[in-house]
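Text of start.tsv (TSV, C-alpha atoms) as supplied:
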```tsv
chain	number	residue	atom	x	y	z
A	1	MET	CA	62.93	-37.40	-20.83
A	2	LEU	CA	60.06	-35.92	-22.76
A	3	VAL	CA	57.74	-33.96	-20.55
A	4	VAL	CA	54.19	-33.84	-21.76
A	5	PRO	CA	52.50	-30.67	-20.60
A	6	SER	CA	49.37	-31.25	-18.60
A	7	ALA	CA	46.07	-30.33	-20.17
A	8	PRO	CA	44.80	-26.92	-19.18
A	9	PRO	CA	42.01	-27.01	-16.64
A	10	LEU	CA	38.54	-26.98	-18.06
A	11	ARG	CA	37.09	-23.51	-17.98
A	12	PRO	CA	33.45	-23.00	-17.14
A	13	ARG	CA	31.28	-22.27	-20.11
A	14	PRO	CA	29.11	-19.35	-19.06
A	15	PHE	CA	26.88	-19.63	-22.11
A	16	ALA	CA	26.32	-23.38	-21.85
A	17	ALA	CA	23.21	-23.01	-19.71
A	18	LEU	CA	21.84	-20.31	-22.00
A	19	GLY	CA	22.43	-22.55	-25.00
A	20	ALA	CA	20.51	-25.35	-23.31
A	21	ILE	CA	17.42	-23.23	-22.71
A	22	ALA	CA	17.59	-21.16	-25.91
A	23	PRO	CA	15.42	-23.43	-28.15
A	24	GLY	CA	12.56	-23.74	-25.67
A	25	LEU	CA	12.85	-20.09	-24.66
A	26	GLY	CA	12.69	-19.04	-28.29
A	27	LEU	CA	9.63	-21.21	-28.87
A	28	CYS	CA	7.82	-19.68	-25.88
A	29	LEU	CA	8.72	-16.18	-27.04
A	30	ALA	CA	7.42	-16.96	-30.51
A	31	VAL	CA	4.11	-18.30	-29.18
A	32	ALA	CA	3.81	-15.27	-26.88
A	33	ALA	CA	4.49	-12.91	-29.80
A	34	ALA	CA	1.82	-14.61	-31.90
A	35	ALA	CA	-0.68	-14.42	-29.04
A	36	SER	CA	0.07	-10.73	-28.44
A	37	ALA	CA	-0.26	-9.96	-32.14
A	38	ALA	CA	-3.59	-11.78	-32.31
A	39	ALA	CA	-4.88	-9.87	-29.29
A	40	ALA	CA	-3.75	-6.57	-30.81
A	41	LEU	CA	-5.49	-7.45	-34.09
A	42	GLN	CA	-8.74	-8.13	-32.24
A	43	ALA	CA	-8.47	-4.78	-30.48
A	44	ARG	CA	-7.97	-3.04	-33.82
A	45	LEU	CA	-10.91	-4.81	-35.48
A	46	TRP	CA	-13.46	-4.82	-32.66
A	47	GLY	CA	-12.18	-2.27	-30.17
A	48	ARG	CA	-11.25	-4.92	-27.60
A	49	PRO	CA	-9.61	-8.35	-27.57
A	50	TRP	CA	-12.28	-11.00	-27.07
A	51	LEU	CA	-9.51	-13.48	-26.25
A	52	ASP	CA	-6.73	-11.96	-24.17
A	53	ALA	CA	-3.08	-12.62	-25.04
A	54	VAL	CA	-2.75	-14.72	-21.86
A	55	VAL	CA	-5.55	-17.06	-22.94
A	56	LEU	CA	-4.36	-17.15	-26.55
A	57	ALA	CA	-0.86	-18.10	-25.42
A	58	ILE	CA	-2.25	-21.08	-23.51
A	59	LEU	CA	-4.42	-22.18	-26.42
A	60	LEU	CA	-1.63	-21.85	-28.99
A	61	GLY	CA	0.83	-23.67	-26.77
A	62	THR	CA	-1.62	-26.49	-26.11
A	63	ALA	CA	-2.39	-26.79	-29.82
A	64	LEU	CA	1.30	-27.08	-30.66
A	65	ARG	CA	1.79	-29.68	-27.94
A	66	SER	CA	-1.16	-31.69	-29.26
A	67	LEU	CA	0.26	-31.67	-32.79
A	68	ARG	CA	3.77	-32.62	-31.72
A	69	THR	CA	5.28	-33.16	-28.29
A	70	PRO	CA	8.46	-31.04	-27.90
A	71	SER	CA	11.61	-33.14	-27.67
A	72	ALA	CA	14.14	-32.96	-24.85
A	73	ARG	CA	16.01	-30.27	-26.81
A	74	TRP	CA	13.12	-27.85	-26.23
A	75	GLN	CA	12.10	-28.93	-22.74
A	76	ALA	CA	14.71	-27.09	-20.67
A	77	GLY	CA	13.69	-23.68	-22.00
A	78	ILE	CA	9.99	-24.48	-21.69
A	79	ASP	CA	10.49	-25.51	-18.05
A	80	VAL	CA	12.35	-22.26	-17.29
A	81	CYS	CA	9.51	-20.21	-18.77
A	82	ALA	CA	6.78	-22.22	-17.05
A	83	ARG	CA	8.44	-21.91	-13.64
A	84	THR	CA	11.07	-19.24	-13.22
A	85	VAL	CA	9.65	-16.69	-15.67
A	86	LEU	CA	6.15	-17.04	-14.22
A	87	GLU	CA	7.44	-16.82	-10.64
A	88	ILE	CA	9.29	-13.59	-11.52
A	89	ALA	CA	6.05	-12.24	-12.99
A	90	VAL	CA	4.23	-12.99	-9.74
A	91	VAL	CA	6.95	-11.22	-7.74
A	92	LEU	CA	6.71	-8.13	-9.97
A	93	LEU	CA	2.94	-8.12	-9.53
A	94	GLY	CA	3.50	-7.34	-5.85
A	95	ALA	CA	4.71	-3.86	-6.80
A	96	SER	CA	1.21	-2.96	-8.04
A	97	LEU	CA	-0.50	-3.96	-4.81
A	98	SER	CA	-0.93	-2.33	-1.43
A	99	LEU	CA	-1.22	-4.65	1.58
A	100	GLY	CA	-4.00	-2.36	2.78
A	101	THR	CA	-6.25	-4.18	0.32
A	102	LEU	CA	-5.94	-7.35	2.40
A	103	THR	CA	-6.80	-5.65	5.68
A	104	ALA	CA	-9.71	-3.89	3.98
A	105	ALA	CA	-11.17	-7.29	3.05
A	106	GLY	CA	-11.98	-7.83	6.71
A	107	PRO	CA	-11.72	-10.88	8.99
A	108	GLY	CA	-14.87	-12.46	7.57
A	109	LEU	CA	-13.21	-13.24	4.25
A	110	LEU	CA	-10.07	-14.57	5.92
A	111	VAL	CA	-12.05	-16.89	8.20
A	112	GLY	CA	-14.24	-17.91	5.29
A	113	ILE	CA	-11.23	-18.89	3.17
A	114	ALA	CA	-9.98	-21.18	5.94
A	115	GLY	CA	-13.44	-22.72	6.23
A	116	VAL	CA	-13.72	-23.31	2.48
A	117	VAL	CA	-10.33	-25.02	2.42
A	118	ALA	CA	-11.21	-27.29	5.35
A	119	VAL	CA	-14.60	-28.33	3.94
A	120	ALA	CA	-13.14	-28.75	0.44
A	121	ILE	CA	-10.45	-31.14	1.72
A	122	ALA	CA	-12.99	-33.22	3.64
A	123	SER	CA	-15.47	-33.37	0.77
A	124	GLY	CA	-12.79	-34.01	-1.83
A	125	TYR	CA	-11.41	-36.90	0.20
A	126	ALA	CA	-14.93	-38.31	0.69
A	127	ILE	CA	-15.61	-38.13	-3.06
A	128	GLY	CA	-12.35	-39.92	-3.85
A	129	ARG	CA	-12.99	-42.70	-1.36
A	130	ALA	CA	-16.60	-43.10	-2.51
A	131	LEU	CA	-15.25	-43.65	-6.03
A	132	GLY	CA	-12.91	-46.36	-4.75
A	133	LEU	CA	-9.62	-44.44	-4.82
A	134	PRO	CA	-6.89	-45.47	-2.35
A	135	HIS	CA	-6.46	-43.34	0.77
A	136	ARG	CA	-3.25	-41.66	-0.40
A	137	MET	CA	-4.51	-40.78	-3.87
A	138	ALA	CA	-7.78	-39.42	-2.45
A	139	THR	CA	-5.78	-37.29	0.01
A	140	LEU	CA	-3.50	-35.91	-2.70
A	141	ILE	CA	-6.41	-34.96	-4.95
A	142	ALA	CA	-8.34	-33.38	-2.07
A	143	CYS	CA	-5.40	-31.28	-0.87
A	144	GLY	CA	-4.31	-30.33	-4.38
A	145	ASN	CA	-7.80	-29.10	-5.27
A	146	ALA	CA	-8.46	-27.31	-2.00
A	147	ILE	CA	-5.14	-25.52	-1.49
A	148	CYS	CA	-2.62	-24.95	-4.26
A	149	GLY	CA	-2.32	-27.78	-6.76
A	150	ASN	CA	1.21	-29.05	-7.37
A	151	SER	CA	2.73	-27.34	-4.34
A	152	ALA	CA	0.19	-28.91	-2.00
A	153	ILE	CA	0.61	-32.34	-3.58
A	154	ALA	CA	4.41	-32.13	-3.32
A	155	ALA	CA	4.23	-31.00	0.32
A	156	VAL	CA	1.61	-33.53	1.43
A	157	ALA	CA	3.00	-36.58	-0.42
A	158	PRO	CA	6.00	-37.32	1.84
A	159	VAL	CA	3.92	-36.75	4.97
A	160	ILE	CA	1.32	-39.39	4.05
A	161	GLY	CA	3.83	-41.76	2.41
A	162	ALA	CA	2.49	-41.43	-1.13
A	163	ASP	CA	4.59	-43.06	-3.85
A	164	ALA	CA	6.00	-41.33	-6.90
A	165	ASP	CA	3.37	-42.76	-9.27
A	166	ASP	CA	0.51	-41.30	-7.22
A	167	VAL	CA	2.28	-37.93	-7.08
A	168	ALA	CA	2.94	-37.90	-10.83
A	169	ALA	CA	-0.69	-38.76	-11.65
A	170	ALA	CA	-2.09	-36.12	-9.28
A	171	ILE	CA	0.25	-33.42	-10.58
A	172	ALA	CA	-0.58	-34.28	-14.19
A	173	PHE	CA	-4.26	-33.77	-13.44
A	174	THR	CA	-3.66	-30.40	-11.78
A	175	ALA	CA	-1.74	-29.29	-14.86
A	176	VAL	CA	-4.60	-30.16	-17.21
A	177	PHE	CA	-7.49	-29.04	-15.03
A	178	GLY	CA	-5.62	-25.93	-13.93
A	179	VAL	CA	-5.50	-24.80	-17.55
A	180	LEU	CA	-9.17	-25.69	-18.05
A	181	ALA	CA	-10.07	-23.61	-14.99
A	182	VAL	CA	-8.04	-20.66	-16.28
A	183	LEU	CA	-9.86	-20.82	-19.62
A	184	GLY	CA	-13.35	-21.58	-18.33
A	185	LEU	CA	-13.70	-19.51	-15.17
A	186	PRO	CA	-14.01	-16.09	-16.91
A	187	VAL	CA	-17.20	-17.38	-18.56
A	188	LEU	CA	-18.88	-17.12	-15.15
A	189	VAL	CA	-18.46	-13.32	-15.09
A	190	PRO	CA	-21.36	-12.59	-17.49
A	191	LEU	CA	-23.34	-15.69	-16.51
A	192	LEU	CA	-23.40	-14.79	-12.80
A	193	ASP	CA	-23.06	-11.02	-13.30
A	194	LEU	CA	-19.94	-10.94	-11.11
A	195	SER	CA	-18.14	-7.72	-10.29
A	196	PRO	CA	-14.36	-7.65	-10.84
A	197	GLU	CA	-13.84	-7.98	-7.08
A	198	ALA	CA	-16.24	-10.93	-6.77
A	199	TYR	CA	-14.69	-12.69	-9.74
A	200	GLY	CA	-11.19	-12.14	-8.36
A	201	ALA	CA	-12.23	-13.65	-5.02
A	202	LEU	CA	-13.84	-16.61	-6.82
A	203	ALA	CA	-10.67	-17.23	-8.85
A	204	GLY	CA	-8.51	-16.97	-5.75
A	205	LEU	CA	-10.72	-19.50	-3.96
A	206	THR	CA	-10.87	-22.06	-6.77
A	207	VAL	CA	-7.89	-21.92	-9.15
A	208	TYR	CA	-5.02	-24.21	-8.20
A	209	ALA	CA	-1.83	-22.16	-8.25
A	210	VAL	CA	-0.91	-18.51	-7.72
A	211	PRO	CA	0.39	-18.11	-11.31
A	212	GLN	CA	-2.82	-19.66	-12.66
A	213	VAL	CA	-4.89	-17.17	-10.64
A	214	LEU	CA	-2.90	-14.44	-12.35
A	215	ALA	CA	-3.69	-15.97	-15.73
A	216	ALA	CA	-7.39	-16.39	-14.92
A	217	THR	CA	-7.90	-12.84	-13.65
A	218	ALA	CA	-5.66	-10.81	-15.96
A	219	PRO	CA	-8.15	-10.87	-18.90
A	220	VAL	CA	-10.91	-9.47	-16.65
A	221	SER	CA	-9.44	-6.52	-14.73
A	222	LEU	CA	-6.56	-5.37	-12.55
A	223	ALA	CA	-8.92	-5.31	-9.56
A	224	SER	CA	-9.63	-9.01	-10.17
A	225	VAL	CA	-5.90	-9.70	-10.27
A	226	HIS	CA	-5.33	-7.95	-6.95
A	227	ILE	CA	-8.11	-9.54	-4.92
A	228	GLY	CA	-7.61	-12.93	-6.58
A	229	THR	CA	-3.92	-12.99	-5.73
A	230	LEU	CA	-4.54	-11.96	-2.12
A	231	VAL	CA	-7.24	-14.58	-1.59
A	232	LYS	CA	-5.03	-17.20	-3.18
A	233	LEU	CA	-2.12	-16.27	-0.90
A	234	VAL	CA	-4.34	-16.89	2.13
A	235	ARG	CA	-5.23	-20.30	0.68
A	236	VAL	CA	-1.54	-21.10	0.20
A	237	LEU	CA	-0.83	-20.19	3.82
A	238	MET	CA	-3.34	-22.88	4.83
A	239	LEU	CA	-0.86	-25.48	3.55
A	240	GLY	CA	1.24	-25.24	6.74
A	241	PRO	CA	-1.57	-26.15	9.16
A	242	VAL	CA	-2.85	-28.89	6.85
A	243	VAL	CA	0.59	-30.53	6.53
A	244	LEU	CA	1.06	-30.26	10.31
A	245	ALA	CA	-2.33	-31.89	10.93
A	246	LEU	CA	-1.58	-34.74	8.52
A	247	SER	CA	1.84	-35.22	10.09
A	248	LEU	CA	0.31	-35.48	13.56
A	249	ARG	CA	-2.26	-37.95	12.25
A	250	THR	CA	0.40	-40.21	10.75
A	251	GLY	CA	2.66	-39.86	13.78
A	252	GLY	CA	5.51	-38.58	11.60
A	253	LYS	CA	5.82	-42.00	9.93
A	254	GLY	CA	5.37	-40.83	6.35
A	255	ARG	CA	8.01	-40.45	3.67
A	256	PRO	CA	8.93	-44.14	3.19
A	257	ASN	CA	9.81	-43.57	-0.46
A	258	GLY	CA	12.32	-40.77	-0.04
A	259	LEU	CA	10.16	-37.99	-1.47
A	260	PRO	CA	11.66	-34.66	-0.45
A	261	ILE	CA	9.98	-32.27	1.92
A	262	ARG	CA	9.17	-29.09	0.00
A	263	PRO	CA	9.10	-25.53	1.35
A	264	LEU	CA	5.58	-24.67	2.48
A	265	VAL	CA	5.80	-21.08	1.20
A	266	PRO	CA	7.46	-20.74	-2.24
A	267	TRP	CA	10.09	-18.04	-2.69
A	268	PHE	CA	8.04	-16.09	-5.20
A	269	ILE	CA	5.22	-15.61	-2.71
A	270	LEU	CA	7.70	-14.14	-0.24
A	271	GLY	CA	9.01	-11.91	-3.03
A	272	PHE	CA	5.48	-10.85	-3.91
A	273	LEU	CA	4.78	-9.90	-0.29
A	274	ALA	CA	8.12	-8.07	-0.04
A	275	LEU	CA	7.37	-5.90	-3.09
A	276	ALA	CA	3.82	-5.31	-1.87
A	277	GLY	CA	5.28	-4.17	1.45
A	278	LEU	CA	7.69	-1.82	-0.30
A	279	ARG	CA	4.82	-0.41	-2.38
A	280	SER	CA	2.73	0.08	0.76
A	281	ALA	CA	5.63	1.90	2.44
A	282	GLY	CA	6.10	4.18	-0.57
A	283	ALA	CA	9.60	2.83	-1.23
A	284	ILE	CA	8.95	2.20	-4.93
A	285	PRO	CA	8.99	5.38	-7.04
A	286	GLU	CA	5.72	6.04	-8.86
A	287	PRO	CA	7.40	6.36	-12.30
A	288	ALA	CA	8.77	2.82	-11.90
A	289	LEU	CA	5.36	1.24	-11.36
A	290	PRO	CA	4.03	1.21	-14.98
A	291	PRO	CA	7.19	-0.44	-16.43
A	292	ILE	CA	7.11	-3.05	-13.65
A	293	ALA	CA	3.44	-3.78	-14.37
A	294	ASP	CA	4.13	-4.04	-18.11
A	295	GLY	CA	7.04	-6.37	-17.42
A	296	ALA	CA	4.87	-8.61	-15.26
A	297	ALA	CA	2.19	-8.73	-17.96
A	298	TYR	CA	4.67	-9.61	-20.71
A	299	LEU	CA	6.39	-12.31	-18.65
A	300	THR	CA	2.98	-13.78	-17.84
A	301	VAL	CA	2.15	-14.21	-21.53
A	302	VAL	CA	5.51	-15.92	-22.14
A	303	ALA	CA	4.96	-18.22	-19.18
A	304	MET	CA	1.42	-19.08	-20.29
A	305	ALA	CA	2.82	-20.15	-23.65
A	306	ALA	CA	5.10	-22.52	-21.75
A	307	LEU	CA	2.19	-23.71	-19.63
A	308	GLY	CA	0.24	-24.60	-22.76
A	309	LEU	CA	3.26	-26.38	-24.25
A	310	GLY	CA	3.43	-28.52	-21.11
A	311	VAL	CA	-0.21	-29.64	-21.10
A	312	ASP	CA	-0.86	-33.15	-22.32
A	313	ILE	CA	-4.62	-33.60	-22.71
A	314	ARG	CA	-4.08	-37.33	-23.25
A	315	VAL	CA	-3.15	-37.74	-19.57
A	316	VAL	CA	-6.79	-37.32	-18.58
A	317	ALA	CA	-7.97	-39.90	-21.11
A	318	GLY	CA	-5.45	-42.46	-19.86
A	319	ALA	CA	-5.93	-42.00	-16.11
A	320	GLY	CA	-9.26	-43.74	-15.80
A	321	PRO	CA	-12.78	-42.52	-15.06
A	322	ARG	CA	-12.59	-42.77	-11.26
A	323	VAL	CA	-9.67	-40.37	-10.90
A	324	THR	CA	-11.21	-38.01	-13.46
A	325	LEU	CA	-14.55	-38.00	-11.65
A	326	ALA	CA	-12.84	-37.42	-8.31
A	327	VAL	CA	-10.96	-34.38	-9.62
A	328	VAL	CA	-14.00	-32.95	-11.39
A	329	GLY	CA	-16.30	-33.59	-8.42
A	330	SER	CA	-13.87	-32.01	-5.97
A	331	LEU	CA	-13.45	-28.96	-8.17
A	332	LEU	CA	-17.22	-28.49	-8.57
A	333	VAL	CA	-17.70	-28.71	-4.81
A	334	LEU	CA	-14.95	-26.11	-4.32
A	335	VAL	CA	-16.66	-23.74	-6.79
A	336	ALA	CA	-20.02	-24.21	-5.03
A	337	LEU	CA	-18.45	-23.57	-1.60
A	338	SER	CA	-16.72	-20.46	-2.91
A	339	LEU	CA	-19.89	-19.02	-4.43
A	340	GLY	CA	-21.67	-19.75	-1.16
A	341	LEU	CA	-19.03	-17.86	0.81
A	342	LEU	CA	-19.26	-14.86	-1.51
A	343	ALA	CA	-23.05	-14.85	-1.10
A	344	ILE	CA	-22.77	-15.00	2.70
A	345	LEU	CA	-20.27	-12.12	2.73
A	346	GLY	CA	-22.35	-10.10	0.29
A	347	ILE	CA	-19.59	-9.91	-2.35
A	348	HIS	CA	-21.32	-9.68	-5.74
```

Once more with this new file: its structure as structure tokens, please.
Amino acid sequence: MLVVPSAPPLRPRPFAALGAIAPGLGLCLAVAAAASAAAALQARLWGRPWLDAVVLAILLGTALRSLRTPSARWQAGIDVCARTVLEIAVVLLGASLSLGTLTAAGPGLLVGIAGVVAVAIASGYAIGRALGLPHRMATLIACGNAICGNSAIAAVAPVIGADADDVAAAIAFTAVFGVLAVLGLPVLVPLLDLSPEAYGALAGLTVYAVPQVLAATAPVSLASVHIGTLVKLVRVLMLGPVVLALSLRTGGKGRPNGLPIRPLVPWFILGFLALAGLRSAGAIPEPALPPIADGAAYLTVVAMAALGLGVDIRVVAGAGPRVTLAVVGSLLVLVALSLGLLAILGIH
């Protein structure tokens, strides 16, 4: 009897995942290289880059996306850069920060942040309802604007029973308006004569996500990056009490559509705090700090290229005027509340 040998077991392909992300990763690296070269050229011609590499990477990525939407072949690598690469950059940023900066800010700022978040949620919800938005959509927009954009929307959605369409629409808006905030907020520095510390606090109070705060403050100064990141972290920590309050209000009867419960504190924030703690304890050698900072800056430019490649401006045009007005109105109220808090605390 002829014995047919069995087929050898399939061996894992260690480079399969790398091959899947290579096209999008290469595209992001190319956009980042072009942005860095353009920033360097500005510095050579005028002594300083008028548009930082971070901002240029977003603009170039958005322009490419507007000309032609990347196909599925490119998307895996773009997603890795927009999420994982940026999260690693945020973690590395912790090595340049001492936790003493947070304690030096004083309790007034910490209490004020909590107050701004609470008032921003209430006013954002009121604006949405006044414009005729359904309860769930108004809640998603209010929480996304007031706390941390996509993370807040993803955490709140299952608690209030929001459906996937509402979540997708709200997240699309935070993507577009998050980029607009990153690009537009630095304009307020000369207009309002803000110090680096005041601008950092303003960015931390208003910009949606931790990585976007990094992008908004990096072109201004390292001091802005530090205070902006710390203020933003306090805002993110408000997500836990807000989700708990909404859960108590709904009696735990949310999540009818199977939306997953998300972690309230993302891993990269924990990593950021861990490295900041090590820096504060003197456990990171001083010679290692400049390379870590340079690595964080480079990864941020790459991730901003991916962020721009993921922005579809047409989403705003197709969502309808009521949702657009609700998002814009909520964001303007948040900026006004934040400036008011800075004035009360005497941070100029």

Checklist entry - Can you list, as a count of residues only, every protein, DNA or RNA residue that comes within 6 Å of Ala35 in chain A when you count only C-alpha atoms, leaving out same-chain residues fewer than 4 positions away? => result 3

Checklist entry - What is the distance, in Å and to one decimal place, between CA of Asp52 in chain A and CA of Ala38 in chain A? => result 8.7 Å

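Between CA of Gly161 in chain A and CA of Ala138 in chain A the separation is 12.8 Å.
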
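Among A:Leu133, A:Leu230, A:Ile127, A:Ala305, the residue with the shortest atom-to-atom distance to Leu109 in chain A, counting only C-alpha atoms, is A:Leu230.
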
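Counting all atoms listed in the file, the residue from A:Ala169, A:Val311, A:Ala33, A:Leu289 that sits nearest to Arg68 in chain A is A:Val311.
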
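CA of Leu337 in chain A sits 18.4 Å away from CA of Leu239 in chain A.
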
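Here the question is which of A:Val117, A:Val90, A:Cys81, A:Ala201 gets nearest to Ile269 in chain A using all atoms listed in the file, and that residue is A:Val90.
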
Next on the checklist: Can you pull out the residues contacting Gly77 in chain A? Cut-off 9 Å, using all atoms listed in the file, and skip same-chain residues under 2 positions away; I want them as a PyMOL selection string.
Outcome noted: chain A and resi 18+20-28+73-75+79-82+306

Next on the checklist: Using all atoms listed in the file and a cutoff of 10 Å, can you tell me which residues are near (1.7, -21.9, -1.8) in the file's coordinates, and write them out as a count of residues only?
Outcome noted: 27

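Minimum atom-to-atom distances from A:Ala130, A:Val207, A:Leu332, A:Leu110 to Leu183 in chain A were compared using all atoms listed in the file, and the lowest value belongs to A:Val207.
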
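Once all atoms listed in the file are considered, the residues situated within 9 Å of the file point (-15.7, -27.5, -5.8) turn out to be Ala120, Ser123, Gly124, Asn145, Ala146, Thr206, Val328, Gly329, Ser330, Leu331, Leu332, Val333, Leu334, Val335, Ala336, Leu337 and Ser338 of chain A.
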
Would you mind completing range 193-212 of chain A to N, CA, C and O atoms and writing the output as an mmCIF file, keeping the file's coordinate frame?
```cif
data_model
loop_
_atom_site.group_PDB
_atom_site.id
_atom_site.type_symbol
_atom_site.label_atom_id
_atom_site.label_comp_id
_atom_site.auth_asym_id
_atom_site.auth_seq_id
_atom_site.Cartn_x
_atom_site.Cartn_y
_atom_site.Cartn_z
ATOM 1 N N ASP A 193 -23.107 -12.473 -13.482
ATOM 2 C CA ASP A 193 -23.060 -11.020 -13.300
ATOM 3 C C ASP A 193 -22.129 -10.647 -12.135
ATOM 4 O O ASP A 193 -22.511 -9.916 -11.212
ATOM 5 N N LEU A 194 -20.907 -11.163 -12.185
ATOM 6 C CA LEU A 194 -19.940 -10.940 -11.110
ATOM 7 C C LEU A 194 -19.203 -9.627 -11.324
ATOM 8 O O LEU A 194 -18.816 -9.283 -12.441
ATOM 9 N N SER A 195 -18.989 -8.898 -10.243
ATOM 10 C CA SER A 195 -18.140 -7.720 -10.290
ATOM 11 C C SER A 195 -16.688 -8.160 -10.395
ATOM 12 O O SER A 195 -16.364 -9.329 -10.111
ATOM 13 N N PRO A 196 -15.786 -7.266 -10.788
ATOM 14 C CA PRO A 196 -14.360 -7.650 -10.840
ATOM 15 C C PRO A 196 -13.847 -8.159 -9.500
ATOM 16 O O PRO A 196 -13.057 -9.115 -9.459
ATOM 17 N N GLU A 197 -14.290 -7.545 -8.397
ATOM 18 C CA GLU A 197 -13.840 -7.980 -7.080
ATOM 19 C C GLU A 197 -14.371 -9.380 -6.753
ATOM 20 O O GLU A 197 -13.638 -10.226 -6.222
ATOM 21 N N ALA A 198 -15.655 -9.613 -7.051
ATOM 22 C CA ALA A 198 -16.240 -10.930 -6.770
ATOM 23 C C ALA A 198 -15.579 -12.007 -7.616
ATOM 24 O O ALA A 198 -15.286 -13.108 -7.119
ATOM 25 N N TYR A 199 -15.343 -11.706 -8.883
ATOM 26 C CA TYR A 199 -14.690 -12.690 -9.740
ATOM 27 C C TYR A 199 -13.268 -12.977 -9.258
ATOM 28 O O TYR A 199 -12.822 -14.133 -9.245
ATOM 29 N N GLY A 200 -12.542 -11.930 -8.869
ATOM 30 C CA GLY A 200 -11.190 -12.140 -8.360
ATOM 31 C C GLY A 200 -11.192 -13.037 -7.137
ATOM 32 O O GLY A 200 -10.361 -13.948 -7.011
ATOM 33 N N ALA A 201 -12.143 -12.799 -6.210
ATOM 34 C CA ALA A 201 -12.230 -13.650 -5.020
ATOM 35 C C ALA A 201 -12.569 -15.093 -5.405
ATOM 36 O O ALA A 201 -12.009 -16.045 -4.833
ATOM 37 N N LEU A 202 -13.478 -15.269 -6.374
ATOM 38 C CA LEU A 202 -13.840 -16.610 -6.820
ATOM 39 C C LEU A 202 -12.631 -17.326 -7.420
ATOM 40 O O LEU A 202 -12.386 -18.508 -7.131
ATOM 41 N N ALA A 203 -11.865 -16.620 -8.259
ATOM 42 C CA ALA A 203 -10.670 -17.230 -8.850
ATOM 43 C C ALA A 203 -9.661 -17.579 -7.776
ATOM 44 O O ALA A 203 -9.058 -18.663 -7.803
ATOM 45 N N GLY A 204 -9.453 -16.692 -6.815
ATOM 46 C CA GLY A 204 -8.510 -16.970 -5.750
ATOM 47 C C GLY A 204 -8.914 -18.161 -4.898
ATOM 48 O O GLY A 204 -8.067 -18.883 -4.364
ATOM 49 N N LEU A 205 -10.219 -18.390 -4.777
ATOM 50 C CA LEU A 205 -10.720 -19.500 -3.960
ATOM 51 C C LEU A 205 -10.714 -20.835 -4.694
ATOM 52 O O LEU A 205 -10.759 -21.885 -4.050
ATOM 53 N N THR A 206 -10.668 -20.822 -6.021
ATOM 54 C CA THR A 206 -10.870 -22.060 -6.770
ATOM 55 C C THR A 206 -9.703 -22.499 -7.646
ATOM 56 O O THR A 206 -9.485 -23.704 -7.824
ATOM 57 N N VAL A 207 -8.965 -21.550 -8.221
ATOM 58 C CA VAL A 207 -7.890 -21.920 -9.150
ATOM 59 C C VAL A 207 -6.725 -22.487 -8.353
ATOM 60 O O VAL A 207 -6.453 -22.062 -7.228
ATOM 61 N N TYR A 208 -6.018 -23.441 -8.939
ATOM 62 C CA TYR A 208 -5.020 -24.210 -8.200
ATOM 63 C C TYR A 208 -3.833 -23.395 -7.704
ATOM 64 O O TYR A 208 -3.535 -23.366 -6.522
ATOM 65 N N ALA A 209 -3.113 -22.760 -8.610
ATOM 66 C CA ALA A 209 -1.830 -22.160 -8.250
ATOM 67 C C ALA A 209 -1.879 -20.648 -8.384
ATOM 68 O O ALA A 209 -2.692 -20.099 -9.122
ATOM 69 N N VAL A 210 -0.981 -19.968 -7.654
ATOM 70 C CA VAL A 210 -0.910 -18.510 -7.720
ATOM 71 C C VAL A 210 -0.711 -18.014 -9.158
ATOM 72 O O VAL A 210 -1.422 -17.106 -9.602
ATOM 73 N N PRO A 211 0.227 -18.572 -9.922
ATOM 74 C CA PRO A 211 0.390 -18.110 -11.310
ATOM 75 C C PRO A 211 -0.865 -18.317 -12.149
ATOM 76 O O PRO A 211 -1.186 -17.508 -13.021
ATOM 77 N N GLN A 212 -1.602 -19.413 -11.896
ATOM 78 C CA GLN A 212 -2.820 -19.660 -12.660
ATOM 79 C C GLN A 212 -3.914 -18.665 -12.296
ATOM 80 O O GLN A 212 -4.733 -18.298 -13.142
#
```
